[in-house]
Amino acid sequence: MNLPWHLYVMAFLYIIAGINHFKNPGMYIRIIPPFFPNPKLLNLLSGVAEIILGILLTIPFFTTYAAWGIIALLIAVFPANLYMFQKKKGSYSIVKFILLIRLPLQIVLILWAYQYTR
């Protein structure tokens, strides 16, 4: 079974994002809402999940499972994206606008992953 090129793009993006959790952990730890325990562990787990799910996307037997895993991961990290937007206080700036746009982008990413669940 040949996998579409855009699936490899998606896999690459998740693998790179997962690696970034280890290269720049502070960036991710800062956006984890304070009501979640152990932000360092959550950063580690989400980075590992992104790498593993990205790799599994490229293995035809696992593609469907990995896509569902990515959907679950995107839903799980949504509170961090919302917290990051809410944390940016003060006047409305371009950065705050980008953070606002990022929220519905999660839906686009979920829909992108969903196309590989069948």
# chains A, B, ... in the order shown; residues from 1 in each chain; ligands from 1
>>> residues_around(residues="A:Asn43", least_positions_apart="4", cutoff="10 Å", atoms="only C-alpha atoms", output="list in words")
Gly18, His21, Phe22, Pro25, Gly26, Met27, Tyr28, Ile29, Arg30, Ile31, Ile32, Asn38, Pro39, Gly47, Val48 and Ala49 of chain A
>>> write_last_selection(atoms="all heavy atoms", output="short mmCIF file (atom, residue, chain, number, x, y, z; two decimals), in the first residue's frame")
data_model
loop_
_atom_site.label_atom_id
_atom_site.label_comp_id
_atom_site.auth_asym_id
_atom_site.auth_seq_id
_atom_site.Cartn_x
_atom_site.Cartn_y
_atom_site.Cartn_z
N GLY A 18 8.02 16.54 18.30
CA GLY A 18 8.36 15.69 19.44
C GLY A 18 9.80 15.87 19.87
O GLY A 18 10.11 15.98 21.07
N HIS A 21 10.45 18.92 21.94
CA HIS A 21 10.10 18.83 23.36
C HIS A 21 11.34 18.56 24.21
O HIS A 21 11.39 18.92 25.38
CB HIS A 21 9.07 17.72 23.61
CG HIS A 21 7.67 18.12 23.29
ND1 HIS A 21 6.75 18.44 24.26
CD2 HIS A 21 7.03 18.25 22.11
CE1 HIS A 21 5.60 18.74 23.69
NE2 HIS A 21 5.75 18.64 22.38
N PHE A 22 12.34 17.91 23.62
CA PHE A 22 13.57 17.59 24.33
C PHE A 22 14.64 18.67 24.13
O PHE A 22 15.46 18.89 25.01
CB PHE A 22 14.11 16.22 23.88
CG PHE A 22 13.13 15.12 24.17
CD1 PHE A 22 12.27 14.66 23.18
CD2 PHE A 22 13.03 14.57 25.43
CE1 PHE A 22 11.34 13.66 23.44
CE2 PHE A 22 12.10 13.58 25.71
CZ PHE A 22 11.26 13.12 24.71
N PRO A 25 12.63 22.19 26.13
CA PRO A 25 11.54 21.80 27.04
C PRO A 25 10.87 22.98 27.73
O PRO A 25 9.67 22.94 27.98
CB PRO A 25 12.23 20.88 28.05
CG PRO A 25 13.67 21.25 28.00
CD PRO A 25 13.92 21.69 26.59
N GLY A 26 11.62 24.02 28.02
CA GLY A 26 11.04 25.17 28.73
C GLY A 26 9.89 25.80 27.98
O GLY A 26 8.91 26.25 28.59
N MET A 27 9.99 25.82 26.66
CA MET A 27 8.93 26.39 25.83
C MET A 27 7.60 25.67 26.07
O MET A 27 6.55 26.30 26.13
CB MET A 27 9.34 26.29 24.36
CG MET A 27 8.36 26.88 23.39
SD MET A 27 9.02 26.86 21.71
CE MET A 27 8.47 25.25 21.18
N TYR A 28 7.65 24.37 26.23
CA TYR A 28 6.44 23.58 26.41
C TYR A 28 6.00 23.57 27.87
O TYR A 28 4.80 23.63 28.17
CB TYR A 28 6.66 22.15 25.92
CG TYR A 28 6.95 22.10 24.44
CD1 TYR A 28 8.25 22.08 23.97
CD2 TYR A 28 5.92 22.09 23.52
CE1 TYR A 28 8.52 22.05 22.62
CE2 TYR A 28 6.17 22.07 22.16
CZ TYR A 28 7.47 22.05 21.71
OH TYR A 28 7.73 22.03 20.37
N ILE A 29 6.96 23.47 28.77
CA ILE A 29 6.63 23.41 30.20
C ILE A 29 5.91 24.68 30.64
O ILE A 29 4.97 24.62 31.43
CB ILE A 29 7.92 23.15 31.03
CG1 ILE A 29 8.41 21.72 30.75
CG2 ILE A 29 7.68 23.37 32.51
CD1 ILE A 29 9.80 21.43 31.28
N ARG A 30 6.32 25.84 30.09
CA ARG A 30 5.69 27.12 30.44
C ARG A 30 4.22 27.20 30.08
O ARG A 30 3.47 27.95 30.69
CB ARG A 30 6.41 28.27 29.75
CG ARG A 30 7.62 28.78 30.46
CD ARG A 30 8.08 30.12 29.89
NE ARG A 30 8.38 30.07 28.46
CZ ARG A 30 9.55 29.70 27.96
NH1 ARG A 30 10.52 29.32 28.74
NH2 ARG A 30 9.74 29.70 26.66
N ILE A 31 3.80 26.47 29.05
CA ILE A 31 2.41 26.60 28.61
C ILE A 31 1.49 25.53 29.19
O ILE A 31 0.29 25.53 28.90
CB ILE A 31 2.30 26.61 27.06
CG1 ILE A 31 2.69 25.27 26.46
CG2 ILE A 31 3.11 27.76 26.49
CD1 ILE A 31 2.33 25.12 25.00
N ILE A 32 2.02 24.65 30.01
CA ILE A 32 1.17 23.64 30.65
C ILE A 32 0.43 24.31 31.80
O ILE A 32 1.05 24.91 32.67
CB ILE A 32 2.00 22.44 31.14
CG1 ILE A 32 2.64 21.73 29.92
CG2 ILE A 32 1.14 21.47 31.95
CD1 ILE A 32 3.61 20.63 30.26
N ASN A 38 3.06 17.87 37.52
CA ASN A 38 4.33 17.44 36.94
C ASN A 38 4.49 17.84 35.46
O ASN A 38 4.53 16.98 34.56
CB ASN A 38 4.50 15.93 37.10
CG ASN A 38 5.95 15.53 37.05
OD1 ASN A 38 6.80 16.28 36.57
ND2 ASN A 38 6.24 14.34 37.54
N PRO A 39 4.61 19.14 35.18
CA PRO A 39 4.76 19.61 33.80
C PRO A 39 5.95 18.99 33.06
O PRO A 39 5.87 18.74 31.86
CB PRO A 39 4.92 21.12 33.94
CG PRO A 39 4.42 21.45 35.28
CD PRO A 39 4.58 20.23 36.13
N GLY A 47 6.15 14.65 24.12
CA GLY A 47 7.21 14.59 23.11
C GLY A 47 7.42 13.17 22.60
O GLY A 47 7.52 12.94 21.39
N VAL A 48 7.48 12.22 23.51
CA VAL A 48 7.63 10.81 23.12
C VAL A 48 6.43 10.38 22.28
O VAL A 48 6.59 9.70 21.25
CB VAL A 48 7.79 9.91 24.37
CG1 VAL A 48 7.65 8.43 24.01
CG2 VAL A 48 9.13 10.17 25.04
N ALA A 49 5.23 10.77 22.70
CA ALA A 49 4.02 10.40 21.95
C ALA A 49 4.06 10.95 20.53
O ALA A 49 3.73 10.25 19.57
CB ALA A 49 2.77 10.90 22.68
#
>>> atom_distance(atom1="atom CA of A:Pro37", atom2="atom CA of A:Val95")
27.2 Å
>>> residues_around(residues="stretch 63-76 of chain A", least_positions_apart="4", cutoff="10 Å", atoms="only C-alpha atoms", output="VMD selection string")
chain A and resid 3 7 10 to 11 14 46 49 to 50 52 to 59 80 to 81 106 to 107 109 to 118
>>> atom_distance(atom1="atom CA of A:Phe35", atom2="atom CA of A:Ile98")
24.3 Å
>>> select_by_dssp(residues="chain A", states="helix (DSSP H, G or I)", output="ChimeraX atom specification")
/A:5-23,25-29,39-57,63-87,94-114
>>> write_last_selection(atoms="C-alpha atoms", output="mmCIF file, in the first residue's frame")
data_model
loop_
_atom_site.group_PDB
_atom_site.id
_atom_site.type_symbol
_atom_site.label_atom_id
_atom_site.label_comp_id
_atom_site.auth_asym_id
_atom_site.auth_seq_id
_atom_site.Cartn_x
_atom_site.Cartn_y
_atom_site.Cartn_z
ATOM 1 C CA TRP A 5 3.021 12.240 0.402
ATOM 2 C CA HIS A 6 1.023 14.475 2.767
ATOM 3 C CA LEU A 7 0.970 11.669 5.322
ATOM 4 C CA TYR A 8 4.775 11.766 5.330
ATOM 5 C CA VAL A 9 4.647 15.545 5.785
ATOM 6 C CA MET A 10 2.377 15.077 8.777
ATOM 7 C CA ALA A 11 4.608 12.363 10.208
ATOM 8 C CA PHE A 12 7.693 14.540 9.751
ATOM 9 C CA LEU A 13 6.033 17.507 11.493
ATOM 10 C CA TYR A 14 5.056 15.411 14.522
ATOM 11 C CA ILE A 15 8.485 13.799 14.766
ATOM 12 C CA ILE A 16 10.194 17.208 14.617
ATOM 13 C CA ALA A 17 7.728 18.659 17.147
ATOM 14 C CA GLY A 18 8.356 15.695 19.443
ATOM 15 C CA ILE A 19 12.123 16.126 19.212
ATOM 16 C CA ASN A 20 11.664 19.815 20.012
ATOM 17 C CA HIS A 21 10.102 18.834 23.365
ATOM 18 C CA PHE A 22 13.574 17.588 24.326
ATOM 19 C CA LYS A 23 15.598 20.365 22.669
ATOM 20 C CA PRO A 25 11.541 21.801 27.040
ATOM 21 C CA GLY A 26 11.044 25.169 28.727
ATOM 22 C CA MET A 27 8.930 26.393 25.834
ATOM 23 C CA TYR A 28 6.436 23.575 26.415
ATOM 24 C CA ILE A 29 6.634 23.415 30.198
ATOM 25 C CA PRO A 39 4.755 19.605 33.799
ATOM 26 C CA LYS A 40 8.227 18.146 33.101
ATOM 27 C CA LEU A 41 6.804 14.631 32.901
ATOM 28 C CA LEU A 42 3.883 15.786 30.744
ATOM 29 C CA ASN A 43 6.323 17.479 28.373
ATOM 30 C CA LEU A 44 8.389 14.301 28.175
ATOM 31 C CA LEU A 45 5.338 12.094 27.561
ATOM 32 C CA SER A 46 3.859 14.359 24.898
ATOM 33 C CA GLY A 47 7.213 14.588 23.110
ATOM 34 C CA VAL A 48 7.628 10.810 23.123
ATOM 35 C CA ALA A 49 4.018 10.399 21.950
ATOM 36 C CA GLU A 50 4.548 12.786 19.034
ATOM 37 C CA ILE A 51 7.696 10.968 17.925
ATOM 38 C CA ILE A 52 6.169 7.494 18.206
ATOM 39 C CA LEU A 53 2.887 8.491 16.556
ATOM 40 C CA GLY A 54 4.769 10.260 13.758
ATOM 41 C CA ILE A 55 6.805 7.135 13.073
ATOM 42 C CA LEU A 56 3.747 4.867 13.276
ATOM 43 C CA LEU A 57 1.926 7.027 10.724
ATOM 44 C CA THR A 63 -1.424 4.381 10.231
ATOM 45 C CA THR A 64 -5.059 4.284 11.385
ATOM 46 C CA TYR A 65 -4.128 3.747 15.035
ATOM 47 C CA ALA A 66 -1.511 6.487 14.900
ATOM 48 C CA ALA A 67 -3.992 8.917 13.362
ATOM 49 C CA TRP A 68 -6.461 8.243 16.196
ATOM 50 C CA GLY A 69 -3.588 8.682 18.645
ATOM 51 C CA ILE A 70 -2.736 12.055 17.124
ATOM 52 C CA ILE A 71 -6.365 13.132 17.373
ATOM 53 C CA ALA A 72 -6.380 12.152 21.055
ATOM 54 C CA LEU A 73 -3.077 13.957 21.600
ATOM 55 C CA LEU A 74 -4.342 17.134 19.924
ATOM 56 C CA ILE A 75 -7.400 17.099 22.159
ATOM 57 C CA ALA A 76 -5.218 16.444 25.223
ATOM 58 C CA VAL A 77 -2.881 19.380 24.520
ATOM 59 C CA PHE A 78 -5.661 21.841 23.698
ATOM 60 C CA PRO A 79 -5.769 23.136 27.308
ATOM 61 C CA ALA A 80 -2.108 24.160 26.937
ATOM 62 C CA ASN A 81 -2.895 26.129 23.771
ATOM 63 C CA LEU A 82 -5.853 27.795 25.465
ATOM 64 C CA TYR A 83 -3.761 28.559 28.564
ATOM 65 C CA MET A 84 -1.021 30.059 26.397
ATOM 66 C CA PHE A 85 -3.583 32.364 24.738
ATOM 67 C CA GLN A 86 -5.148 33.379 28.071
ATOM 68 C CA LYS A 87 -1.754 33.913 29.729
ATOM 69 C CA ILE A 94 0.147 40.298 16.749
ATOM 70 C CA VAL A 95 1.451 37.572 19.060
ATOM 71 C CA LYS A 96 -1.910 37.314 20.805
ATOM 72 C CA PHE A 97 -3.603 37.202 17.374
ATOM 73 C CA ILE A 98 -1.351 34.307 16.314
ATOM 74 C CA LEU A 99 -2.158 32.478 19.547
ATOM 75 C CA LEU A 100 -5.857 33.030 18.861
ATOM 76 C CA ILE A 101 -5.528 31.635 15.327
ATOM 77 C CA ARG A 102 -3.713 28.614 16.764
ATOM 78 C CA LEU A 103 -6.836 27.515 18.646
ATOM 79 C CA PRO A 104 -8.962 26.707 15.569
ATOM 80 C CA LEU A 105 -5.826 25.368 13.879
ATOM 81 C CA GLN A 106 -6.174 22.421 16.265
ATOM 82 C CA ILE A 107 -9.429 21.567 14.470
ATOM 83 C CA VAL A 108 -7.638 21.647 11.111
ATOM 84 C CA LEU A 109 -4.932 19.347 12.472
ATOM 85 C CA ILE A 110 -7.573 16.981 13.854
ATOM 86 C CA LEU A 111 -9.336 16.903 10.480
ATOM 87 C CA TRP A 112 -6.004 16.281 8.743
ATOM 88 C CA ALA A 113 -5.335 13.293 11.027
ATOM 89 C CA TYR A 114 -8.930 12.081 10.695
#
